[in-house]
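The next block is data-v8.txt, given as compact mmCIF, C-alpha atoms.
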```txt
# COMPACT_ATOMS: atom_id res chain seq x y z
CA MET A 916 -6.87 227.49 123.73
CA LYS A 917 -4.18 224.79 123.54
CA ILE A 918 -1.36 223.68 125.82
CA ILE A 919 1.72 221.70 124.83
CA THR A 920 3.26 220.05 127.88
CA GLY A 921 6.43 218.10 128.55
CA ALA A 922 8.24 219.02 125.32
CA THR A 923 11.88 220.05 125.15
CA LEU A 924 11.93 223.49 123.62
CA VAL A 925 15.02 223.93 121.41
CA HIS A 926 16.49 227.45 121.46
CA PRO A 927 18.63 228.91 118.64
CA ASP A 928 21.58 229.33 121.04
CA GLY A 929 21.60 225.58 121.68
CA ARG A 930 19.82 225.63 125.02
CA GLN A 931 17.09 223.08 125.63
CA THR A 932 14.40 223.60 128.25
CA ASP A 933 11.48 221.43 129.29
CA SER A 934 8.62 223.86 128.76
CA THR A 935 4.88 224.29 128.69
CA LEU A 936 3.63 226.40 125.83
CA LEU A 937 0.21 228.05 125.82
CA ILE A 938 -1.48 228.88 122.49
CA GLU A 939 -4.40 231.30 122.34
CA GLY A 940 -6.02 231.74 118.96
CA ASN A 941 -3.28 231.66 116.33
CA ARG A 942 -0.45 232.95 118.54
CA ILE A 943 1.78 231.87 121.39
CA ARG A 944 0.51 233.37 124.63
CA SER A 945 3.14 232.20 127.10
CA ILE A 946 6.02 229.79 127.71
CA SER A 947 6.63 228.52 131.23
CA GLN A 948 7.97 225.58 133.21
CA GLU A 949 4.54 224.28 134.25
CA VAL A 950 0.87 224.35 133.27
CA PRO A 951 -0.85 227.50 134.58
CA GLY A 952 -3.02 226.49 137.52
CA SER A 953 -5.95 228.64 136.41
CA LEU A 954 -6.24 226.59 133.23
CA LEU A 955 -6.22 223.31 135.13
CA LEU A 956 -9.19 224.55 137.13
CA ASN A 957 -11.13 225.57 134.03
CA GLN A 958 -10.47 223.02 131.30
CA GLU A 959 -13.66 223.35 129.30
CA ASN A 960 -12.09 225.04 126.29
CA VAL A 961 -8.53 223.78 126.67
CA GLU A 962 -6.90 221.14 124.47
CA VAL A 963 -3.76 219.54 125.87
CA PHE A 964 -0.99 218.01 123.75
CA SER A 965 1.68 215.86 125.32
CA GLY A 966 5.15 216.65 124.00
CA SER A 967 6.82 213.93 126.04
CA GLY A 968 9.82 212.51 124.20
CA CYS A 969 9.71 215.34 121.65
CA TYR A 970 11.64 218.43 120.71
CA LEU A 971 9.52 221.54 120.10
CA THR A 972 10.78 223.95 117.44
CA PRO A 973 9.50 226.65 115.11
CA GLY A 974 8.13 225.37 111.82
CA LEU A 975 10.56 225.02 108.93
CA ILE A 976 10.63 227.44 106.00
CA GLU A 977 11.27 226.41 102.40
CA LEU A 978 13.02 229.30 100.63
CA HIS A 979 14.12 227.59 97.40
CA PHE A 980 11.20 225.39 96.43
CA ASN A 981 10.32 224.38 92.86
CA GLY A 982 7.55 222.02 93.95
CA ALA A 983 7.32 218.54 95.45
CA LEU A 984 5.34 215.31 95.44
CA GLY A 985 4.70 215.61 91.70
CA CYS A 986 3.62 219.27 91.67
CA ASN A 987 5.66 221.49 89.32
CA LEU A 988 5.25 225.15 90.31
CA ASN A 989 6.15 226.33 86.81
CA GLN A 990 3.27 224.35 85.31
CA THR A 991 0.47 223.88 87.79
CA SER A 992 -3.05 224.85 88.81
CA ILE A 993 -4.35 226.63 91.88
CA ARG A 994 -5.95 223.41 93.14
CA GLU A 995 -2.72 221.40 92.73
CA VAL A 996 -0.72 223.96 94.72
CA GLN A 997 -3.36 224.11 97.44
CA THR A 998 -3.24 220.32 97.72
CA LEU A 999 0.55 220.47 98.03
CA LEU A 1000 0.24 223.03 100.83
CA THR A 1001 -1.84 220.54 102.80
CA GLN A 1002 0.90 217.89 102.41
CA LEU A 1003 3.96 219.91 103.43
CA PRO A 1004 3.21 220.06 107.18
CA ALA A 1005 3.93 216.30 107.31
CA PHE A 1006 7.56 217.32 106.71
CA GLY A 1007 7.57 219.98 109.43
CA ILE A 1008 7.28 222.74 106.82
CA THR A 1009 4.96 225.56 107.86
CA SER A 1010 5.97 228.32 105.39
CA VAL A 1011 7.16 228.31 101.81
CA VAL A 1012 8.47 230.69 99.16
CA PHE A 1013 7.41 229.50 95.70
CA THR A 1014 10.24 229.36 93.13
CA VAL A 1015 9.55 230.06 89.47
CA ILE A 1016 12.49 229.08 87.27
CA THR A 1017 13.57 230.14 83.79
CA GLY A 1018 11.13 229.51 80.96
CA ALA A 1019 9.38 231.35 78.17
CA LEU A 1020 8.24 234.70 79.57
CA THR A 1021 4.58 233.94 78.85
CA ASP A 1022 4.86 230.66 80.79
CA MET A 1023 6.65 232.33 83.70
CA VAL A 1024 4.00 235.06 83.86
CA ALA A 1025 1.26 232.43 83.87
CA ALA A 1026 2.97 230.60 86.75
CA VAL A 1027 3.34 233.86 88.69
CA HIS A 1028 -0.37 234.63 88.26
CA THR A 1029 -1.35 231.16 89.47
CA LEU A 1030 0.87 231.37 92.54
CA GLU A 1031 -0.28 234.91 93.34
CA GLU A 1032 -3.86 233.60 93.37
CA VAL A 1033 -2.84 230.88 95.83
CA ILE A 1034 -1.20 233.47 98.09
CA HIS A 1035 -4.22 235.77 97.88
CA HIS A 1036 -6.64 232.97 98.77
CA LYS A 1037 -4.43 231.20 101.31
CA THR A 1038 -6.10 228.85 103.76
CA PRO A 1039 -5.30 229.37 107.46
CA PHE A 1040 -4.22 225.81 108.27
CA HIS A 1041 -2.28 225.05 105.08
CA CYS A 1042 1.44 225.59 104.84
CA ARG A 1043 1.83 229.37 104.74
CA PRO A 1044 2.83 230.80 101.29
CA LEU A 1045 5.11 233.78 101.92
CA GLY A 1046 5.78 234.90 98.36
CA LEU A 1047 7.74 234.20 95.20
CA HIS A 1048 11.38 233.61 94.27
CA MET A 1049 12.25 234.32 90.64
CA GLU A 1050 15.22 232.09 89.80
CA GLY A 1051 16.02 233.36 86.34
CA PRO A 1052 15.77 234.04 83.52
CA PHE A 1053 18.45 236.69 84.18
CA ILE A 1054 21.31 234.21 84.67
CA ASN A 1055 24.50 233.22 82.89
CA PRO A 1056 23.94 230.55 80.22
CA ALA A 1057 27.36 229.06 80.99
CA PHE A 1058 26.10 228.16 84.49
CA ARG A 1059 22.42 227.63 83.73
CA GLY A 1060 22.27 224.18 85.33
CA THR A 1061 18.92 222.65 84.40
CA HIS A 1062 17.45 225.98 83.22
CA PRO A 1063 16.55 225.90 79.49
CA GLN A 1064 19.24 227.76 77.55
CA ALA A 1065 16.88 229.19 74.94
CA ASP A 1066 15.03 231.20 77.61
CA VAL A 1067 18.03 232.62 79.50
CA ARG A 1068 18.36 236.38 78.92
CA PRO A 1069 19.69 239.62 80.44
CA ALA A 1070 17.26 241.68 82.46
CA THR A 1071 15.38 244.59 80.91
CA PRO A 1072 12.99 247.07 82.54
CA ASP A 1073 10.09 245.62 80.54
CA ASP A 1074 10.87 242.03 81.56
CA LEU A 1075 11.13 242.99 85.23
CA ASN A 1076 7.83 244.87 85.10
CA ILE A 1077 6.16 241.82 83.54
CA LEU A 1078 7.63 239.20 85.88
CA LEU A 1079 7.75 240.90 89.27
CA SER A 1080 4.57 240.71 91.32
CA PRO A 1081 3.32 242.14 94.62
CA HIS A 1082 4.62 239.10 96.52
CA THR A 1083 8.06 238.79 94.90
CA LYS A 1084 10.40 238.15 97.84
CA MET A 1085 13.65 237.22 96.10
CA ILE A 1086 15.28 237.18 92.69
CA THR A 1087 18.34 235.16 91.69
CA LEU A 1088 20.45 236.73 88.94
CA ALA A 1089 23.97 236.84 87.51
CA PRO A 1090 25.33 240.38 88.00
CA GLU A 1091 27.87 240.09 85.17
CA VAL A 1092 25.25 239.46 82.46
CA GLY A 1093 24.08 242.41 80.34
CA ASN A 1094 22.99 245.32 82.52
CA ASN A 1095 21.83 243.11 85.41
CA LEU A 1096 24.10 244.94 87.84
CA ASP A 1097 22.29 248.21 87.15
CA PHE A 1098 18.96 246.81 88.41
CA ILE A 1099 20.18 245.52 91.78
CA ARG A 1100 19.83 248.75 93.75
CA GLU A 1101 16.30 249.37 92.45
CA LEU A 1102 15.22 245.82 93.27
CA SER A 1103 16.64 245.95 96.79
CA GLN A 1104 14.99 249.35 97.38
CA ARG A 1105 11.68 247.72 96.44
CA GLY A 1106 12.19 245.23 99.28
CA ILE A 1107 13.20 242.34 97.02
CA GLN A 1108 16.16 240.28 98.21
CA VAL A 1109 18.70 240.05 95.40
CA SER A 1110 20.69 236.83 95.41
CA ILE A 1111 23.65 236.00 93.17
CA GLY A 1112 23.42 232.65 91.43
CA HIS A 1113 23.91 230.73 88.19
CA SER A 1114 26.78 233.12 87.66
CA ASN A 1115 30.31 233.43 86.28
CA ALA A 1116 30.95 236.67 88.17
CA THR A 1117 34.46 237.58 89.22
CA HIS A 1118 35.28 238.51 92.80
CA ALA A 1119 35.28 242.20 91.84
CA GLN A 1120 31.89 241.93 90.14
CA VAL A 1121 30.40 240.17 93.16
CA MET A 1122 31.72 242.83 95.53
CA GLN A 1123 30.20 245.50 93.30
CA ALA A 1124 26.87 243.64 93.38
CA PHE A 1125 27.01 243.56 97.18
CA GLN A 1126 27.65 247.31 97.22
CA GLN A 1127 24.58 247.80 95.03
CA GLY A 1128 22.39 245.88 97.49
CA ALA A 1129 22.65 242.18 96.70
CA ASN A 1130 22.79 240.40 100.05
CA SER A 1131 22.70 236.67 99.35
CA VAL A 1132 24.12 233.85 97.26
CA THR A 1133 21.86 231.11 95.88
CA HIS A 1134 22.99 227.49 96.50
CA LEU A 1135 26.63 228.31 97.23
CA TYR A 1136 29.09 226.13 95.25
CA ASN A 1137 26.45 225.01 92.74
CA ALA A 1138 26.06 226.60 89.28
CA MET A 1139 28.81 229.21 89.68
CA ARG A 1140 32.40 229.99 88.77
CA PRO A 1141 34.71 227.56 90.59
CA PHE A 1142 37.05 228.91 93.26
CA HIS A 1143 40.58 229.71 92.14
CA HIS A 1144 43.24 231.23 94.34
CA ARG A 1145 43.98 233.98 91.78
CA GLU A 1146 40.31 234.59 90.96
CA PRO A 1147 38.30 233.51 94.02
CA GLY A 1148 34.98 234.58 92.52
CA ILE A 1149 31.65 234.32 94.29
CA MET A 1150 32.68 231.81 96.93
CA ALA A 1151 35.36 233.87 98.64
CA ALA A 1152 33.30 237.06 98.41
CA ALA A 1153 30.32 235.39 100.06
CA LEU A 1154 32.24 233.48 102.73
CA CYS A 1155 34.33 236.47 103.80
CA ASP A 1156 31.53 239.07 104.06
CA ASP A 1157 29.75 238.67 107.39
CA ASN A 1158 26.78 240.73 106.20
CA VAL A 1159 25.94 238.44 103.29
CA PHE A 1160 23.59 235.46 103.60
CA VAL A 1161 24.68 232.19 102.01
CA GLN A 1162 22.24 229.49 100.97
CA PHE A 1163 23.33 225.87 100.64
CA ILE A 1164 21.76 222.49 99.90
CA SER A 1165 22.52 219.54 102.21
CA ASP A 1166 20.56 216.88 100.36
CA GLY A 1167 23.61 214.59 100.04
CA ALA A 1168 23.91 215.16 96.29
CA HIS A 1169 24.67 218.84 95.70
CA VAL A 1170 27.47 219.56 98.19
CA HIS A 1171 30.03 217.40 100.01
CA PRO A 1172 29.75 217.58 103.82
CA ALA A 1173 33.32 218.94 104.04
CA ALA A 1174 32.34 221.88 101.81
CA ILE A 1175 29.37 222.53 104.08
CA GLN A 1176 31.74 222.49 107.05
CA MET A 1177 33.67 225.32 105.37
CA ILE A 1178 30.48 227.40 105.36
CA LEU A 1179 29.73 226.65 109.00
CA LYS A 1180 33.25 227.59 110.04
CA SER A 1181 33.42 230.74 107.88
CA LYS A 1182 30.05 232.42 108.35
CA PRO A 1183 28.23 233.82 111.38
CA GLN A 1184 25.49 231.33 112.17
CA ASN A 1185 22.76 233.92 111.66
CA ARG A 1186 23.84 234.41 108.03
CA ILE A 1187 23.49 230.76 106.98
CA LEU A 1188 20.32 229.66 105.17
CA LEU A 1189 19.49 225.99 104.78
CA THR A 1190 17.58 225.34 101.55
CA SER A 1191 16.49 222.25 99.66
CA ASP A 1192 16.06 223.39 96.02
CA ALA A 1193 13.26 220.81 96.06
CA SER A 1194 12.33 219.66 92.56
CA PRO A 1195 8.77 218.65 91.60
CA LEU A 1196 9.84 215.05 92.34
CA ALA A 1197 11.01 215.79 95.89
CA GLY A 1198 9.54 213.31 98.34
CA LEU A 1199 8.81 210.68 95.66
CA SER A 1200 10.33 207.20 95.45
CA ASP A 1201 13.36 206.05 93.48
CA GLY A 1202 12.55 205.70 89.78
CA SER A 1203 9.78 208.30 89.78
CA ARG A 1204 9.63 210.40 86.61
CA GLY A 1205 8.15 213.77 85.78
CA ASN A 1206 8.65 217.02 83.90
CA PHE A 1207 10.80 219.88 85.13
CA SER A 1208 12.45 222.70 83.19
CA GLN A 1209 11.08 221.39 79.87
CA GLN A 1210 12.77 217.99 80.35
CA THR A 1211 11.90 214.57 81.71
CA VAL A 1212 13.60 214.15 85.07
CA THR A 1213 14.04 210.98 87.12
CA VAL A 1214 14.71 210.16 90.77
CA ARG A 1215 17.88 208.06 90.96
CA GLY A 1216 18.79 207.21 94.51
CA ASN A 1217 19.65 210.47 96.24
CA GLN A 1218 19.46 212.58 93.08
CA VAL A 1219 17.02 213.99 90.54
CA ILE A 1220 18.62 213.74 87.09
CA ASN A 1221 17.59 215.43 83.84
CA GLN A 1222 18.03 214.14 80.28
CA GLU A 1223 21.44 215.81 80.06
CA GLY A 1224 22.64 213.80 83.05
CA GLY A 1225 22.79 216.82 85.36
CA LEU A 1226 21.15 217.54 88.69
CA ALA A 1227 17.64 218.98 88.32
CA GLY A 1228 16.88 220.34 91.75
CA SER A 1229 16.78 218.09 94.79
CA GLY A 1230 14.82 214.96 95.65
CA LYS A 1231 14.71 216.02 99.29
CA LEU A 1232 12.76 218.57 101.29
CA VAL A 1233 14.30 220.83 103.91
CA ASN A 1234 13.53 218.49 106.83
CA ASP A 1235 15.81 215.83 105.31
CA CYS A 1236 18.48 218.46 104.66
CA LEU A 1237 18.25 219.42 108.33
CA LYS A 1238 18.55 215.82 109.50
CA ASN A 1239 21.59 215.31 107.28
CA LEU A 1240 23.44 218.14 109.03
CA VAL A 1241 22.80 216.46 112.38
CA ASN A 1242 23.57 212.93 111.17
CA TRP A 1243 26.79 214.10 109.51
CA GLN A 1244 27.70 215.66 112.90
CA LEU A 1245 28.24 219.06 111.32
CA CYS A 1246 26.12 220.88 113.89
CA ASP A 1247 23.61 220.28 116.66
CA PHE A 1248 19.87 220.03 116.10
CA GLY A 1249 19.18 223.54 117.43
CA SER A 1250 21.67 225.14 115.05
CA ALA A 1251 20.22 223.23 112.09
CA VAL A 1252 16.71 224.36 113.04
CA GLN A 1253 17.89 227.98 113.24
CA MET A 1254 19.27 227.78 109.70
CA ALA A 1255 15.94 226.38 108.47
CA SER A 1256 13.62 228.69 110.38
CA LEU A 1257 14.74 231.81 112.27
CA ASN A 1258 17.49 232.82 109.83
CA LEU A 1259 15.15 232.43 106.88
CA ALA A 1260 12.39 234.42 108.60
CA ARG A 1261 14.81 237.28 109.29
CA PHE A 1262 16.12 237.17 105.72
CA LEU A 1263 12.54 237.47 104.46
CA ASN A 1264 11.67 240.19 107.02
CA GLU A 1265 8.98 238.00 108.58
CA ASP A 1266 8.87 238.98 112.25
CA SER A 1267 6.13 236.65 113.49
CA ILE A 1268 7.51 233.26 112.43
CA GLY A 1269 10.72 231.30 112.84
CA LYS A 1270 10.84 231.60 116.62
CA LEU A 1271 8.88 230.47 119.65
CA GLU A 1272 8.16 233.58 121.69
CA PRO A 1273 5.00 235.09 123.20
CA GLY A 1274 3.15 237.02 120.51
CA CYS A 1275 4.55 235.01 117.60
CA LEU A 1276 2.35 232.98 115.28
CA ALA A 1277 1.90 229.44 116.59
CA ASP A 1278 3.68 227.68 113.71
CA MET A 1279 5.65 224.87 115.34
CA VAL A 1280 6.72 221.27 115.16
CA LEU A 1281 7.02 218.40 117.64
CA TRP A 1282 9.89 216.08 116.62
CA ASN A 1283 10.58 212.59 117.93
CA LYS A 1284 13.84 212.93 119.86
CA ASP A 1285 15.16 209.53 118.82
CA THR A 1286 14.39 209.61 115.08
CA LEU A 1287 13.90 213.32 114.33
CA GLU A 1288 10.67 212.38 112.59
CA VAL A 1289 7.81 214.86 112.65
CA GLU A 1290 5.12 213.93 115.18
CA THR A 1291 2.83 216.98 115.05
CA THR A 1292 2.84 220.23 113.09
CA PHE A 1293 0.86 223.29 114.13
CA ILE A 1294 0.05 226.19 111.81
CA ASN A 1295 -1.79 229.23 113.17
CA GLY A 1296 -2.26 227.29 116.39
CA GLU A 1297 -4.16 224.46 114.67
CA VAL A 1298 -3.00 220.92 114.01
CA ALA A 1299 -1.98 220.74 110.36
CA TYR A 1300 -0.41 217.28 110.62
CA GLN A 1301 -0.38 214.56 113.27
CA ARG A 1302 1.43 211.28 112.85
CA ASN A 1303 -0.19 209.66 115.85
CA ALA A 1304 -3.71 210.84 116.62
CA SER A 1305 -3.40 209.67 120.21
CA VAL A 1306 -0.84 212.41 120.92
CA ALA A 1307 -3.62 214.93 121.44
CA ARG A 1308 -6.60 214.86 123.73
CA SER A 1309 -9.35 217.26 124.70
CA ALA A 1310 -9.05 218.32 128.31
```
Transcribe the structure of this file into C-alpha cells.
Amino acid sequence: MKIITGATLVHPDGRQTDSTLLIEGNRIRSISQEVPGSLLLNQENVEVFSGSGCYLTPGLIELHFNGALGCNLNQTSIREVQTLLTQLPAFGITSVVFTVITGALTDMVAAVHTLEEVIHHKTPFHCRPLGLHMEGPFINPAFRGTHPQADVRPATPDDLNILLSPHTKMITLAPEVGNNLDFIRELSQRGIQVSIGHSNATHAQVMQAFQQGANSVTHLYNAMRPFHHREPGIMAAALCDDNVFVQFISDGAHVHPAAIQMILKSKPQNRILLTSDASPLAGLSDGSRGNFSQQTVTVRGNQVINQEGGLAGSGKLVNDCLKNLVNWQLCDFGSAVQMASLNLARFLNEDSIGKLEPGCLADMVLWNKDTLEVETTFINGEVAYQRNASVARSA
C-alpha cells in the first residue's frame, strides 16, 4: 500500500485540491484531505511519498507515436521497444499507442507482428502499450508528408486483412482515395477509430466520411488540403462538428500558436487531443541523425528534417507539447493535462486510465510546480521513474 501526501491534485475542470491519495495494489483506493488515521497506526506495509510542491495528475498518453530516443517503431526489435517503454515514464508518459507508418506491406506487417508481441508480453511497470495506430498506407500521395510515395496506395480488403491486428486502435486514411470511404463504416464497427489525415478531401467528402463513422482528424492543419473560404475542406468540417475529435501537435514546429488558439476556441475541450507525432529522434539532442520513413532524418533545433527538407515527425514528446501550451498561455495546466490524458483515454475507450478516481489504475505523475518537470511517475501503483530518490520513504 502507498500514500501520496501533500500534492495538489489537478482536476480536468481546472480545480486544484491539496489531497492525500491512497494506492492499494495497482489501483487508487481513495482520495481524501488527510492521511487515514488507521494507516498511521499500522505503518508496517505502507510506503509514503511526499508530494509537497508538486502537482499530481494522471499519466500522459501518447496517441501518435512513431518512436523516440533512437527507436524506430517501423524497424525495431522486441527488446528495443521494451527498453523504450522503460524510458518513457521519465517524460510522464504512462501509456502509448504505437504508430506504424507507410512502407512496403511486408515491412509494415513485420512491424505489426513485433509490436503485437510487445503488447502481448507487456511488463507491469513499463509504459503501458495500448495498441496500434496504422498511419497509412491508405493516404493521398499529394499530402504524403514524409511517407514514401512508392508505398502509398488505396485500401483493399486484402490489404486491410493483412495489416489490421487484434490491437489496432486507430487508422489514419484519406477518404477521397480509391474506395477508402467504403471501408470506414466496417472499420468503425470493428471498434477501430477512423481518423482523416494526409488527405485532399473536400468539405463534402469529409462530411460523408463522418457520416460513415470517421470521428477524428489526424494532426489538424498538417498534411491536408489548405482552408479556402469557397472550399473549406477538412479544417472547417472538423472544427465545426462538436462530435469529432481533433488531434494537433504543439511542438513549436508543426503549428503556430495562433492556429492552436483557433482549435481551443472552436472545439469543446473534451474533443481536443494533444499529440506529439514523435519521430524516432524525439528526445535526442540537436544534430542527431537516424533513419525514418526510408530516409536519413536530422534534428535541427526544434525540428526533425528529412532529406527533402520537410518535417519528419516531431523532435518532442507529449510532455513538452503540454508545457508549450502552458508557456504560450493558451490554456491552464489542468486543461493541457486533460487533452493529453483523459480525452485520449475516452477516445480510445480506456475506462481505467486518464483520470484520478477510486478504482482507476494508479498511473499518475508528480510534477514540479515551478518547472513542470516530472518528479515521479507511477504505473500500476509502482514507481516507474523517480528524479529524486529522496522523495519516497518507507513508513
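Proximity of A:Pro1195, A:Pro1052, A:Pro1039, A:Gly1225 to Val1298 (chain A), computed with all atoms listed in the file, is greatest for A:Pro1039.
Minimum distance to Asn1217 (chain A) across A:Met1254, A:Ala1070, A:Leu1199, A:Leu1020 (counting only C-alpha atoms) occurs at A:Leu1199.
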Quiz item: So which residues fall inside 12 Å of (-6.5, 231.4, 119.3) if we count all atoms listed in the file? Mind giving them as an NGL selection string?
Solution: :A and (916-918 or 937-944 or 960-962 or 1274-1277 or 1294-1297)
Quiz item: What gap, in Å, lies between CA of Gln1127 (chain A) and CA of Ile1149 (chain A)?
Solution: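 About the pair CA of Gln1127 (chain A) and CA of Ile1149 (chain A): they are 15.2 Å apart.
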Self-check item: For Ala1197 (chain A), the nearest of the candidates A:Met1023, A:Leu978, A:Ala1251, A:Cys986, counting only C-alpha atoms
Solution: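 The answer is A:Cys986, which sits nearest to Ala1197 (chain A).
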Within 12 Å of region 1074-1083 of chain A, which residues of region 958-1025 of chain A come that close, and what is the closest atom pair and distance in Å for each? Count only C-alpha atoms and give it as a Markdown table.
```
| residue | atom | partner | partner_atom | distance |
| --- | --- | --- | --- | --- |
| A:Val1012 | CA | A:Thr1083 | CA | 9.2 |
| A:Phe1013 | CA | A:Thr1083 | CA | 9.3 |
| A:Thr1014 | CA | A:Thr1083 | CA | 9.8 |
| A:Val1015 | CA | A:Leu1078 | CA | 10.0 |
| A:Ile1016 | CA | A:Leu1078 | CA | 11.3 |
| A:Thr1017 | CA | A:Leu1078 | CA | 11.0 |
| A:Gly1018 | CA | A:Leu1078 | CA | 11.4 |
| A:Ala1019 | CA | A:Leu1078 | CA | 11.1 |
| A:Leu1020 | CA | A:Leu1078 | CA | 7.8 |
| A:Thr1021 | CA | A:Leu1078 | CA | 9.3 |
| A:Asp1022 | CA | A:Leu1078 | CA | 10.3 |
| A:Met1023 | CA | A:Leu1078 | CA | 7.3 |
| A:Val1024 | CA | A:Leu1078 | CA | 5.9 |
| A:Ala1025 | CA | A:Leu1078 | CA | 9.5 |
```
Residues from last step as file, C-alpha atoms, as a short mmCIF file (atom, residue, chain, number, x, y, z; two decimals), in the frame of the given file:
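result_14.cif written:
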```cif
data_model
loop_
_atom_site.label_atom_id
_atom_site.label_comp_id
_atom_site.auth_asym_id
_atom_site.auth_seq_id
_atom_site.Cartn_x
_atom_site.Cartn_y
_atom_site.Cartn_z
CA VAL A 1012 8.47 230.69 99.16
CA PHE A 1013 7.41 229.50 95.70
CA THR A 1014 10.24 229.36 93.13
CA VAL A 1015 9.55 230.06 89.47
CA ILE A 1016 12.49 229.08 87.27
CA THR A 1017 13.57 230.14 83.79
CA GLY A 1018 11.13 229.51 80.96
CA ALA A 1019 9.38 231.35 78.17
CA LEU A 1020 8.24 234.70 79.57
CA THR A 1021 4.58 233.94 78.85
CA ASP A 1022 4.86 230.66 80.79
CA MET A 1023 6.65 232.33 83.70
CA VAL A 1024 4.00 235.06 83.86
CA ALA A 1025 1.26 232.43 83.87
#
```
Each region 1249-1298 of chain A residue no farther than 12 Å from region 1166-1184 of chain A, nearest pair in Å, only C-alpha atoms, as CSV:
```
residue,atom,partner,partner_atom,distance
A:Gly1249,CA,A:Gln1184,CA,11.3
A:Ser1250,CA,A:Gln1184,CA,7.8
A:Ala1251,CA,A:Gln1184,CA,9.7
A:Val1252,CA,A:Gln1184,CA,11.2
A:Gln1253,CA,A:Gln1184,CA,8.4
A:Met1254,CA,A:Gln1184,CA,7.6
A:Ala1255,CA,A:Gln1184,CA,11.4
A:Leu1257,CA,A:Gln1184,CA,10.8
A:Asn1258,CA,A:Gln1184,CA,8.5
A:Leu1259,CA,A:Gln1184,CA,11.7
```
Kindly export the residues of the current selection with C-alpha atoms, as an mmCIF file, keeping the file's coordinate frame.
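Resulting contents of selection_25.cif:
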```cif
data_model
loop_
_atom_site.group_PDB
_atom_site.id
_atom_site.type_symbol
_atom_site.label_atom_id
_atom_site.label_comp_id
_atom_site.auth_asym_id
_atom_site.auth_seq_id
_atom_site.Cartn_x
_atom_site.Cartn_y
_atom_site.Cartn_z
ATOM 1 C CA GLY A 1249 19.180 223.540 117.430
ATOM 2 C CA SER A 1250 21.670 225.140 115.050
ATOM 3 C CA ALA A 1251 20.220 223.230 112.090
ATOM 4 C CA VAL A 1252 16.710 224.360 113.040
ATOM 5 C CA GLN A 1253 17.890 227.980 113.240
ATOM 6 C CA MET A 1254 19.270 227.780 109.700
ATOM 7 C CA ALA A 1255 15.940 226.380 108.470
ATOM 8 C CA LEU A 1257 14.740 231.810 112.270
ATOM 9 C CA ASN A 1258 17.490 232.820 109.830
ATOM 10 C CA LEU A 1259 15.150 232.430 106.880
#
```
Exercise. State, in Å with one decimal place, the distance from CA of Leu1045 (chain A) to CA of Val1280 (chain A).
Key: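 Distance reported for this atom pair: 18.3 Å.
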Quiz item: In Å, with one decimal, what is the gap from CA of Val996 (chain A) to CA of Val1033 (chain A)?
Solution: 7.3 Å
Self-check item: Using all atoms listed in the file: which of A:Ala1227, A:Cys1236, A:Ala1138, A:Val1132 has the shortest distance to Arg1186 (chain A)
Solution: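 Closest candidate: A:Val1132.
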Quiz prompt | Proximity to Gly1112 (chain A) - best of A:Pro1063, A:Pro973, A:Pro1056, A:Pro1147, all atoms listed in the file | solution = A:Pro1056
Working from the structure I just supplied, which lacks atoms in region 1074-1083 of chain A, can you model N, CA, C and O atoms there and output them as a compact mmCIF listing (two decimals), in the coordinates of the input?
```txt
# COMPACT_ATOMS: atom_id res chain seq x y z
N ASP A 1074 10.97 243.40 81.02
CA ASP A 1074 10.87 242.03 81.56
C ASP A 1074 10.62 242.06 83.06
O ASP A 1074 9.81 241.27 83.59
N LEU A 1075 11.32 242.92 83.78
CA LEU A 1075 11.13 242.99 85.23
C LEU A 1075 9.71 243.44 85.56
O LEU A 1075 9.08 242.90 86.48
N ASN A 1076 9.19 244.41 84.83
CA ASN A 1076 7.83 244.87 85.10
C ASN A 1076 6.81 243.76 84.85
O ASN A 1076 5.79 243.68 85.55
N ILE A 1077 7.08 242.91 83.86
CA ILE A 1077 6.16 241.82 83.54
C ILE A 1077 6.22 240.72 84.59
O ILE A 1077 5.19 240.17 85.00
N LEU A 1078 7.43 240.38 85.04
CA LEU A 1078 7.63 239.20 85.88
C LEU A 1078 7.43 239.47 87.36
O LEU A 1078 6.96 238.60 88.10
N LEU A 1079 7.83 240.65 87.83
CA LEU A 1079 7.75 240.90 89.27
C LEU A 1079 6.31 241.16 89.68
O LEU A 1079 5.54 241.82 88.97
N SER A 1080 5.94 240.63 90.84
CA SER A 1080 4.57 240.71 91.32
C SER A 1080 4.55 241.28 92.73
O SER A 1080 5.60 241.45 93.35
N PRO A 1081 3.37 241.56 93.27
CA PRO A 1081 3.32 242.14 94.62
C PRO A 1081 3.98 241.29 95.70
O PRO A 1081 4.41 241.82 96.72
N HIS A 1082 4.06 239.98 95.49
CA HIS A 1082 4.62 239.10 96.52
C HIS A 1082 6.00 238.55 96.15
O HIS A 1082 6.44 237.55 96.72
N THR A 1083 6.70 239.21 95.21
CA THR A 1083 8.06 238.79 94.90
C THR A 1083 8.95 239.07 96.10
O THR A 1083 9.09 240.22 96.51
```
